[in-house]
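Asks: Compact mmCIF, C-alpha atoms, saved as structure_17.txt, coming up:
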```txt
# COMPACT_ATOMS: atom_id res chain seq x y z
CA MET A 1 -18.08 -51.92 16.90
CA SER A 2 -14.75 -52.46 18.69
CA ASP A 3 -12.79 -49.84 20.64
CA LEU A 4 -10.09 -50.00 17.93
CA GLN A 5 -12.57 -49.12 15.16
CA ILE A 6 -14.00 -46.25 17.21
CA GLY A 7 -10.49 -44.97 17.88
CA LEU A 8 -9.55 -45.10 14.18
CA ILE A 9 -12.73 -43.24 13.20
CA ALA A 10 -12.06 -40.54 15.79
CA LEU A 11 -8.46 -40.21 14.60
CA GLY A 12 -9.65 -39.83 10.99
CA VAL A 13 -12.12 -37.10 11.94
CA LEU A 14 -9.39 -35.28 13.86
CA LEU A 15 -7.02 -35.40 10.88
CA ILE A 16 -9.72 -34.00 8.58
CA LEU A 17 -10.38 -31.13 11.00
CA LEU A 18 -6.66 -30.38 11.19
CA VAL A 19 -6.37 -30.24 7.38
CA LEU A 20 -9.41 -27.96 7.08
CA GLY A 21 -8.05 -25.68 9.79
CA PHE A 22 -4.65 -25.46 8.12
CA ASN A 23 -6.23 -24.61 4.73
CA TRP A 24 -8.38 -21.92 6.35
CA TRP A 25 -5.30 -20.40 8.03
CA GLN A 26 -3.34 -20.33 4.75
CA ASP A 27 -6.27 -18.78 2.86
CA ARG A 28 -6.68 -16.07 5.50
CA ARG A 29 -2.92 -15.34 5.43
CA ALA A 30 -2.98 -14.97 1.65
CA ARG A 31 -6.02 -12.70 1.76
CA ASN A 32 -4.37 -10.48 4.38
CA ARG A 33 -1.32 -10.09 2.15
CA MET A 34 -3.48 -8.97 -0.76
CA GLN A 35 -5.78 -6.76 1.32
CA VAL A 36 -5.95 -3.22 0.01
CA HIS A 37 -4.70 -0.45 2.32
CA PHE A 38 -4.89 2.45 -0.12
CA PRO A 39 -7.31 5.29 0.70
CA ALA A 40 -10.47 5.39 -1.37
CA THR A 41 -11.08 8.32 -3.68
CA GLU A 42 -14.27 9.88 -4.91
CA GLN A 43 -13.11 10.41 -8.48
CA ASP A 44 -12.16 7.77 -11.02
CA PRO A 45 -8.50 8.17 -12.02
CA LEU A 46 -9.29 6.52 -15.35
CA LEU A 47 -11.29 9.56 -16.37
CA GLY A 48 -8.67 12.20 -15.73
CA VAL A 49 -5.81 13.29 -13.54
CA GLN A 50 -7.96 14.78 -10.78
CA ASP A 51 -7.48 11.69 -8.59
CA ALA A 52 -3.72 11.99 -8.82
CA ARG A 53 -3.93 15.61 -7.73
CA ALA A 54 -6.32 15.01 -4.82
CA GLY A 55 -4.95 15.53 -1.35
CA GLY A 56 -3.27 12.65 0.44
CA PRO A 57 -1.02 11.85 3.37
CA ASP A 58 2.13 13.07 1.60
CA THR A 59 0.82 16.10 -0.32
CA SER A 60 2.98 18.32 1.88
CA ARG A 61 6.02 16.56 0.44
CA ARG A 62 5.15 16.54 -3.28
CA GLU A 63 2.19 17.01 -5.58
CA PRO A 64 1.36 13.89 -7.59
CA GLY A 65 0.47 14.36 -11.22
CA ILE A 66 1.15 13.33 -14.81
CA ASN A 67 3.79 14.95 -16.95
CA LEU A 68 2.23 15.50 -20.37
CA THR A 69 5.41 16.61 -22.08
CA ALA A 70 7.07 14.31 -24.56
CA THR A 71 10.28 13.90 -22.59
CA ALA A 72 10.34 13.25 -18.86
CA ALA A 73 12.43 15.57 -16.73
CA PRO A 74 15.86 14.09 -15.98
CA PRO A 75 16.28 12.45 -12.57
CA VAL A 76 17.83 14.61 -9.90
CA GLU A 77 21.28 13.87 -8.61
CA PRO A 78 21.34 11.39 -5.70
CA GLY A 79 21.52 12.89 -2.25
CA THR A 80 19.64 16.09 -3.14
CA ASP A 81 16.49 17.33 -1.41
CA ALA A 82 14.53 17.60 -4.68
CA ASP A 83 12.03 14.98 -5.84
CA ASP A 84 12.15 13.39 -9.28
CA ALA A 85 9.34 14.64 -11.52
CA ASP A 86 8.42 11.28 -13.05
CA GLU A 87 6.15 9.16 -10.87
CA PRO A 88 3.42 6.49 -11.05
CA ASP A 89 0.42 7.52 -13.14
CA ALA A 90 -2.81 6.84 -11.24
CA GLY A 91 -4.74 7.01 -14.52
CA CYS A 92 -3.15 3.94 -16.09
CA GLU A 93 -0.94 2.23 -13.52
CA ILE A 94 -1.55 0.33 -10.30
CA VAL A 95 1.04 0.44 -7.51
CA ILE A 96 2.42 -2.27 -5.24
CA GLU A 97 4.22 -0.76 -2.23
CA VAL A 98 7.23 -2.55 -0.74
CA SER A 99 8.11 -1.05 2.67
CA PHE A 100 11.40 -2.04 4.27
CA GLY A 101 11.76 -2.60 8.01
CA GLU A 102 15.14 -0.85 7.87
CA PRO A 103 16.56 1.40 5.10
CA VAL A 104 18.18 -0.63 2.30
CA ARG A 105 21.17 0.54 0.28
CA GLY A 106 20.52 1.16 -3.39
CA ALA A 107 23.61 -0.87 -4.25
CA ASP A 108 21.97 -3.89 -2.62
CA LEU A 109 18.63 -3.28 -4.34
CA LEU A 110 19.88 -2.70 -7.87
CA PRO A 111 20.69 -6.35 -8.77
CA HIS A 112 17.11 -7.29 -7.85
CA VAL A 113 15.24 -4.46 -9.59
CA GLN A 114 17.24 -3.96 -12.79
CA GLY A 115 15.43 -6.83 -14.52
CA LEU A 116 12.03 -5.90 -13.12
CA ARG A 117 10.59 -4.31 -16.22
CA GLN A 118 7.74 -6.57 -17.37
CA ALA A 119 4.87 -8.63 -15.99
CA GLY A 120 3.75 -10.65 -18.97
CA ARG A 121 3.05 -8.04 -21.65
CA LYS A 122 2.63 -5.17 -19.21
CA PRO A 123 5.51 -2.81 -18.38
CA VAL A 124 6.47 -2.37 -14.74
CA ARG A 125 8.17 0.84 -13.58
CA VAL A 126 10.18 0.94 -10.36
CA PHE A 127 10.15 4.02 -8.12
CA ALA A 128 11.65 4.51 -4.69
CA THR A 129 11.41 6.66 -1.56
CA THR A 130 14.64 7.51 0.26
CA GLU A 131 14.98 7.26 4.02
CA ALA A 132 14.73 11.08 4.02
CA GLY A 133 11.35 10.90 2.23
CA ARG A 134 12.53 11.98 -1.23
CA HIS A 135 10.87 10.47 -4.30
CA ARG A 136 13.10 8.82 -6.90
CA ALA A 137 12.26 7.66 -10.42
CA ARG A 138 15.15 5.21 -10.28
CA VAL A 139 17.34 3.57 -7.68
CA HIS A 140 20.79 5.13 -7.07
CA PRO A 141 23.52 2.93 -5.60
CA GLY A 142 24.68 5.68 -3.25
CA GLU A 143 21.33 6.24 -1.51
CA SER A 144 19.35 4.24 1.04
CA TYR A 145 15.63 3.62 0.62
CA ALA A 146 12.68 3.17 2.92
CA SER A 147 10.36 1.74 0.26
CA LEU A 148 9.90 0.81 -3.38
CA GLN A 149 6.85 1.28 -5.58
CA LEU A 150 6.15 -1.08 -8.48
CA ALA A 151 3.85 0.66 -10.98
CA VAL A 152 2.16 -1.91 -13.21
CA LEU A 153 0.41 -0.79 -16.41
CA LEU A 154 -3.30 -1.60 -16.35
CA ALA A 155 -3.84 -1.97 -20.10
CA ASN A 156 -2.20 -1.61 -23.49
CA ARG A 157 -2.82 -2.94 -26.98
CA SER A 158 -2.16 -6.48 -25.76
CA GLY A 159 -5.34 -6.13 -23.68
CA PRO A 160 -6.15 -5.49 -20.01
CA LEU A 161 -3.87 -6.61 -17.22
CA THR A 162 -4.64 -10.28 -16.57
CA ALA A 163 -4.76 -12.23 -13.33
CA ILE A 164 -1.57 -14.05 -14.36
CA GLU A 165 0.27 -10.79 -15.11
CA TRP A 166 -0.85 -9.27 -11.81
CA SER A 167 0.26 -12.42 -9.98
CA GLN A 168 3.67 -12.20 -11.65
CA ALA A 169 4.10 -8.59 -10.49
CA TRP A 170 2.93 -9.50 -6.98
CA ALA A 171 5.35 -12.44 -6.86
CA ARG A 172 8.26 -10.14 -7.76
CA ALA A 173 7.20 -7.76 -4.98
CA GLN A 174 6.95 -10.68 -2.56
CA ASP A 175 10.43 -11.82 -3.55
CA LEU A 176 11.81 -8.36 -2.73
CA ALA A 177 9.93 -8.41 0.58
CA ASP A 178 11.37 -11.80 1.49
CA ARG A 179 14.92 -10.74 0.60
CA PHE A 180 14.89 -7.45 2.48
CA ASP A 181 12.52 -8.10 5.38
CA ALA A 182 9.77 -5.88 3.99
CA THR A 183 6.00 -5.75 3.90
CA ILE A 184 3.96 -5.33 0.74
CA GLU A 185 0.66 -3.59 0.19
CA GLY A 186 -1.52 -3.39 -2.87
CA PRO A 187 -5.11 -3.38 -4.07
CA ASP A 188 -7.25 -6.50 -4.11
CA GLN A 189 -6.83 -8.48 -7.33
CA GLN A 190 -10.50 -8.26 -8.31
CA LEU A 191 -10.42 -4.46 -8.03
CA VAL A 192 -7.27 -4.36 -10.15
CA LEU A 193 -8.77 -6.54 -12.87
CA GLU A 194 -11.98 -4.49 -12.94
CA ARG A 195 -10.04 -1.24 -13.38
CA ALA A 196 -7.91 -2.83 -16.08
CA ALA A 197 -10.96 -4.02 -17.99
CA LYS A 198 -12.60 -0.59 -17.71
CA LEU A 199 -9.51 1.18 -19.04
CA ASP A 200 -9.14 -1.35 -21.87
CA ASP A 201 -12.79 -0.91 -22.94
CA MET A 202 -12.38 2.86 -23.01
CA CYS A 203 -9.16 2.66 -25.02
CA ALA A 204 -10.63 0.17 -27.48
CA ALA A 205 -13.40 2.65 -28.30
CA LEU A 206 -10.85 5.39 -29.01
CA ASP A 207 -8.08 3.43 -30.74
CA THR A 208 -7.72 4.62 -34.34
CA GLN A 209 -4.97 4.35 -36.94
CA VAL A 210 -5.03 5.78 -40.46
CA GLY A 211 -2.67 4.54 -43.15
CA LEU A 212 -1.42 5.31 -46.63
CA THR A 213 0.54 3.08 -49.01
CA LEU A 214 3.18 4.01 -51.56
CA LEU A 215 3.45 1.51 -54.43
CA LEU A 216 6.88 1.94 -55.97
CA GLY A 217 6.96 1.61 -59.75
CA ALA A 218 10.30 -0.21 -59.52
CA PRO A 219 12.16 -1.70 -56.54
CA ARG A 220 14.45 0.76 -54.78
CA SER A 221 17.30 0.15 -52.37
CA ALA A 222 16.57 0.85 -48.73
CA ALA A 223 19.45 3.34 -48.65
CA GLU A 224 17.92 5.33 -51.52
CA VAL A 225 14.48 5.37 -49.88
CA VAL A 226 15.93 6.46 -46.54
CA GLY A 227 17.98 9.18 -48.22
CA VAL A 228 14.96 10.65 -50.01
CA ALA A 229 12.80 10.41 -46.87
CA ARG A 230 15.38 12.16 -44.72
CA GLU A 231 15.68 14.96 -47.27
CA LEU A 232 11.94 15.51 -46.76
CA GLY A 233 12.32 15.71 -42.99
CA PHE A 234 11.86 12.14 -41.73
CA ALA A 235 14.09 11.04 -38.85
CA PRO A 236 15.10 7.56 -37.61
CA HIS A 237 12.66 6.09 -35.10
CA GLY A 238 13.52 2.50 -34.20
CA PRO A 239 13.10 0.24 -37.26
CA ARG A 240 11.04 2.96 -38.97
CA LEU A 241 11.31 6.60 -39.90
CA ALA A 242 9.12 9.25 -38.32
CA TRP A 243 7.88 12.74 -39.12
CA LEU A 244 8.33 14.46 -35.78
CA ALA A 245 6.36 17.23 -34.10
CA ASP A 246 8.19 20.15 -32.49
CA ASN A 247 8.26 18.29 -29.15
CA GLY A 248 9.91 15.22 -30.71
CA VAL A 249 6.81 13.00 -30.70
CA PRO A 250 6.09 11.24 -34.05
CA ARG A 251 3.17 12.66 -36.01
CA PHE A 252 3.26 9.69 -38.38
CA THR A 253 5.72 6.99 -39.38
CA LEU A 254 7.15 5.46 -42.56
CA SER A 255 7.99 1.76 -42.75
CA ARG A 256 8.78 -0.90 -45.32
CA GLY A 257 5.84 -2.82 -46.69
CA ASP A 258 7.48 -6.15 -45.84
CA GLY A 259 7.80 -5.19 -42.17
CA ALA A 260 11.60 -5.34 -42.12
CA ALA A 261 13.77 -2.58 -40.71
CA PHE A 262 15.31 -0.21 -43.23
CA ASP A 263 18.79 -1.35 -42.20
CA ASP A 264 17.89 -5.04 -42.14
CA GLY A 265 19.59 -6.80 -45.07
CA MET A 266 19.87 -5.85 -48.73
CA ALA A 267 16.35 -6.67 -49.92
CA PRO A 268 14.94 -3.95 -52.21
CA VAL A 269 11.91 -1.91 -51.21
CA GLU A 270 8.76 -2.33 -53.31
CA GLN A 271 6.16 -0.82 -51.01
CA LEU A 272 6.09 1.74 -48.21
CA LEU A 273 3.53 2.25 -45.47
CA MET A 274 2.70 5.56 -43.80
CA LEU A 275 0.82 5.33 -40.52
CA LEU A 276 -0.92 7.97 -38.40
CA ASP A 277 -1.37 6.42 -34.95
CA VAL A 278 -3.99 8.88 -33.74
CA PRO A 279 -3.85 8.41 -29.92
CA CYS A 280 -0.03 8.46 -29.95
CA SER A 281 0.28 11.49 -32.26
CA PRO A 282 -0.03 15.07 -30.97
CA ALA A 283 -3.38 16.66 -31.74
CA ASP A 284 -3.23 18.52 -35.05
CA PRO A 285 -6.04 20.17 -37.06
CA ARG A 286 -4.38 18.77 -40.21
CA ALA A 287 -3.16 15.47 -38.82
CA PHE A 288 -4.19 13.40 -41.86
CA GLY A 289 -3.86 16.21 -44.40
CA ARG A 290 -0.26 16.79 -43.33
CA MET A 291 0.53 13.10 -43.87
CA VAL A 292 -1.12 13.19 -47.30
CA ASP A 293 0.96 16.24 -48.32
CA VAL A 294 4.20 14.54 -47.29
CA GLY A 295 3.08 11.27 -48.88
CA ARG A 296 2.41 12.95 -52.21
CA ASP A 297 5.80 14.66 -52.15
CA LEU A 298 7.53 11.38 -51.29
CA ALA A 299 5.62 9.54 -54.01
CA ALA A 300 6.67 12.11 -56.60
CA ARG A 301 10.33 11.79 -55.65
CA LEU A 302 10.24 7.97 -55.68
CA GLN A 303 7.98 7.71 -58.75
CA ALA A 304 5.43 5.82 -56.67
CA GLU A 305 1.63 5.71 -56.50
CA LEU A 306 0.00 6.92 -53.30
CA VAL A 307 -3.14 4.96 -52.30
CA ASP A 308 -5.23 4.63 -49.14
CA ASP A 309 -5.06 1.70 -46.75
CA GLN A 310 -7.63 -0.11 -48.91
CA GLY A 311 -5.43 0.19 -51.98
CA LYS A 312 -7.65 2.80 -53.64
CA PRO A 313 -6.47 6.15 -55.09
CA LEU A 314 -7.03 9.11 -52.79
CA VAL A 315 -10.15 11.15 -53.54
CA ASP A 316 -9.62 14.90 -53.68
CA GLY A 317 -10.87 16.50 -50.48
CA ALA A 318 -10.92 13.22 -48.56
CA GLU A 319 -8.24 14.51 -46.19
CA THR A 320 -10.48 17.39 -45.10
CA VAL A 321 -13.34 15.05 -44.21
CA ILE A 322 -11.03 12.69 -42.31
CA ASP A 323 -9.37 15.55 -40.42
CA GLU A 324 -12.80 16.78 -39.29
CA ARG A 325 -13.52 13.33 -37.88
CA LEU A 326 -10.14 13.17 -36.20
CA GLN A 327 -10.83 16.44 -34.38
CA VAL A 328 -13.79 14.76 -32.71
CA LEU A 329 -11.56 11.86 -31.69
CA PHE A 330 -8.88 14.19 -30.30
CA GLY A 331 -11.58 15.81 -28.16
CA GLN A 332 -12.79 12.43 -26.92
CA LEU A 333 -9.25 11.45 -25.98
CA ASP A 334 -8.92 14.68 -23.99
CA GLN A 335 -12.18 14.04 -22.19
CA ALA A 336 -11.06 10.50 -21.32
CA GLY A 337 -7.87 11.81 -19.72
CA LEU A 338 -5.75 10.44 -22.57
CA PRO A 339 -4.56 13.51 -24.51
CA ALA A 340 -3.26 12.48 -27.93
CA GLY A 341 0.52 12.13 -27.93
CA SER A 342 0.81 12.34 -24.13
CA PRO A 343 2.97 9.89 -22.15
CA ARG A 344 -0.18 8.30 -20.75
CA ALA A 345 -1.66 7.73 -24.20
CA GLN A 346 1.65 6.37 -25.47
CA LYS A 347 1.68 3.85 -22.61
CA VAL A 348 -1.81 2.46 -23.04
CA PHE A 349 -1.80 2.57 -26.85
CA ALA A 350 1.56 0.77 -27.11
```
Can you dump the structure from the file as structure tokens?
Replies:
Amino acid sequence: MSDLQIGLIALGVLLILLVLGFNWWQDRRARNRMQVHFPATEQDPLLGVQDARAGGPDTSRREPGINLTATAAPPVEPGTDADDADEPDAGCEIVIEVSFGEPVRGADLLPHVQGLRQAGRKPVRVFATTEAGRHRARVHPGESYASLQLAVLLANRSGPLTAIEWSQAWARAQDLADRFDATIEGPDQQLVLERAAKLDDMCAALDTQVGLTLLLGAPRSAAEVVGVARELGFAPHGPRLAWLADNGVPRFTLSRGDGAAFDDGMAPVEQLLMLLDVPCSPADPRAFGRMVDVGRDLAARLQAELVDDQGKPLVDGAETVIDERLQVLFGQLDQAGLPAGSPRAQKVFA
């Protein structure tokens, strides 16, 4: 074997070692970026709000928790010493922290966070901490911020947070870090996916909807149907109408059988659907019975036939049996840390 052949072989081995070393360095760099720095907790936040209320490094500043009212408290005015009430929910969201090397003006941040609302099919909420340590539920142009928190929903009715969705959220955080000379911290991807799957399994076991159908004897105009429904107490709720609880949360909804919005076109209405979305509706000892009462009244006014979601006439007393079963489900939702009708339940059952 000539000296030239030996030299070429040695050069090839050296190149291979250089490539392997470079790949190892890149893999280690990526792992360090994704390494979790959050403190461990003894309680599982998926099973209640205790984890969010446990002590932490900043408990002297504010007490984390979940607001179970239907409407979040309005954000405080910028520049005040008060914290916003709305904050990431440890029971159903995972947080990516973006920490700036120097405070960044809200006016500079806003163009880059205004469109940061989704990662795939999972909502992303943006929170911020001012340079004075105040918590904000949204970015104000007149304040400067030391960090941002991206709260990514772990699961909803589209399923658990996926690796692709988590990567999308992480990429958005990395983009902010690159633009504003920041560092990012967040849990390891495998831990995130395991928590998401656990929450999704729990929600799947509790997810229940109960429906009724009104078969109109003759087609009616959407305007006539809406008028009659509003006389009974229904209120507009997106493309549907809703029977609202005292706190403004829908107890059940009314929609067209063809899926169209009531104000979408001139097509007549031939069928109506009433839906009790149990996890998203406030707990009520007569949750189904109340919907049946309203459905019967609406059917009488529209000369329609009220049937169950299988198309069969309602059996007298059936609402009592169903309401008894729903009370068990309401209790299970409470025990799982997902009180019916709460903001947390409305997030994960959306």
Asks: Kindly indicate which residue among A:Gly142, A:Gly337, A:Gly186, A:Gly133 lies nearest to A:Ile94, using all atoms listed in the file for the distances.
Replies: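 Of A:Gly142, A:Gly337, A:Gly186, A:Gly133, the one nearest A:Ile94, counting all atoms listed in the file, is A:Gly186.
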Asks: Please determine, counting all atoms listed in the file, which residue among A:Val321, A:Ala350, A:Val278, A:Gly259 has the shortest atom-to-atom distance to A:Pro123.
Replies: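 Closest to A:Pro123, using all atoms listed in the file: A:Ala350.
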Asks: In Å, with one decimal, what is the gap from atom CA of A:Val124 to atom CA of A:Leu150?
Replies: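 Spanning atom CA of A:Val124 to atom CA of A:Leu150 is a straight-line distance of 6.4 Å.
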Asks: Find the residues with any atom within 12 Å of (-8.2, -6.2, -7.7); use all atoms listed in the file and the coordinates as given in the file, and write the answer as JSON, numbers by chain.
Replies: {"A": [31, 34, 35, 36, 38, 94, 95, 96, 154, 161, 162, 163, 166, 167, 170, 186, 187, 188, 189, 190, 191, 192, 193, 194, 195, 196, 197]}
Asks: Grab the residues selected above and save them as an mmCIF file, keeping the file's coordinate frame with C-alpha atoms.
Replies:
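File part.cif, as written:
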```cif
data_model
loop_
_atom_site.group_PDB
_atom_site.id
_atom_site.type_symbol
_atom_site.label_atom_id
_atom_site.label_comp_id
_atom_site.auth_asym_id
_atom_site.auth_seq_id
_atom_site.Cartn_x
_atom_site.Cartn_y
_atom_site.Cartn_z
ATOM 1 C CA ARG A 31 -6.020 -12.700 1.760
ATOM 2 C CA MET A 34 -3.480 -8.970 -0.760
ATOM 3 C CA GLN A 35 -5.780 -6.760 1.320
ATOM 4 C CA VAL A 36 -5.950 -3.220 0.010
ATOM 5 C CA PHE A 38 -4.890 2.450 -0.120
ATOM 6 C CA ILE A 94 -1.550 0.330 -10.300
ATOM 7 C CA VAL A 95 1.040 0.440 -7.510
ATOM 8 C CA ILE A 96 2.420 -2.270 -5.240
ATOM 9 C CA LEU A 154 -3.300 -1.600 -16.350
ATOM 10 C CA LEU A 161 -3.870 -6.610 -17.220
ATOM 11 C CA THR A 162 -4.640 -10.280 -16.570
ATOM 12 C CA ALA A 163 -4.760 -12.230 -13.330
ATOM 13 C CA TRP A 166 -0.850 -9.270 -11.810
ATOM 14 C CA SER A 167 0.260 -12.420 -9.980
ATOM 15 C CA TRP A 170 2.930 -9.500 -6.980
ATOM 16 C CA GLY A 186 -1.520 -3.390 -2.870
ATOM 17 C CA PRO A 187 -5.110 -3.380 -4.070
ATOM 18 C CA ASP A 188 -7.250 -6.500 -4.110
ATOM 19 C CA GLN A 189 -6.830 -8.480 -7.330
ATOM 20 C CA GLN A 190 -10.500 -8.260 -8.310
ATOM 21 C CA LEU A 191 -10.420 -4.460 -8.030
ATOM 22 C CA VAL A 192 -7.270 -4.360 -10.150
ATOM 23 C CA LEU A 193 -8.770 -6.540 -12.870
ATOM 24 C CA GLU A 194 -11.980 -4.490 -12.940
ATOM 25 C CA ARG A 195 -10.040 -1.240 -13.380
ATOM 26 C CA ALA A 196 -7.910 -2.830 -16.080
ATOM 27 C CA ALA A 197 -10.960 -4.020 -17.990
#
```
Asks: Just checking: using all atoms listed in the file, which residue out of A:Ala287, A:Val328, A:Val348, A:Ala229 ends up closest to A:Val210?
Replies: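 Smallest distance to A:Val210 is found for A:Ala287.
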Asks: Compile the contact shell of A:Leu116 as a list in words: residues with an atom at most 10 Å away, counting all atoms listed in the file, same-chain residues fewer than 2 positions apart removed.
Replies: Leu110, Pro111, His112, Val113, Gln114, Gln118, Ala119, Pro123, Val124, Arg125, Val126, Leu150, Ala169, Arg172 and Ala173 of chain A
Asks: Counting only C-alpha atoms, which of A:Asp308, A:Glu324, A:Asp334, A:Asp86 gets nearest to A:Pro282?
Replies: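 Going through A:Asp308, A:Glu324, A:Asp334, A:Asp86 one by one, the smallest distance to A:Pro282 is for A:Asp334.
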Asks: Would you compute the distance between atom CA of A:Gly341 and atom CA of A:Arg256? Give it in Å to one decimal.
Replies: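 Atom CA of A:Arg256 lies 23.2 Å from atom CA of A:Gly341.
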Asks: Just how far from atom CA of A:His140 is atom CA of A:Ala345, in Å to one decimal?
Replies: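 Taking atom CA of A:Ala345 and atom CA of A:His140, their separation equals 28.4 Å.
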Asks: Box for stretch 107-114 of chain A: with edges along x, y and z, all listed atoms inside and 3 Å added on each side, what are the centre and edge lengths in Å to one decimal, as AutoDock Vina command-line options?
Replies:
```
--center_x 19.4 --center_y -4.1 --center_z -7.7 --size_x 14.4 --size_y 12.4 --size_z 16.2
```
Asks: For A:Glu224, please output as a ChimeraX atom specification all residues within 12 Å (counting all atoms listed in the file; exclusion window: fewer than 3 positions along the same chain).
Replies: /A:219-221,227-231,262-263,266,268-269,301-302
Asks: Check the smallest atom-to-atom distance from each of A:Leu109, A:Ala155, A:Leu206, A:Ala82 to A:Ala336 using all atoms listed in the file, then report the winner.
Replies: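 Looking at the shortest contact to A:Ala336, the residue is A:Leu206.
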Asks: Rank nothing, just name the residue among A:Asp181, A:Asp175, A:Asp201, A:Asp297 nearest to A:Arg157, using all atoms listed in the file.
Replies: A:Asp201
Asks: Please list as a ChimeraX atom specification every residue within 9 Å of A:Ser281, counting all atoms listed in the file and excluding residues in the same chain fewer than 3 positions away.
Replies: /A:245,249-252,276-278,284,287,340-342,346
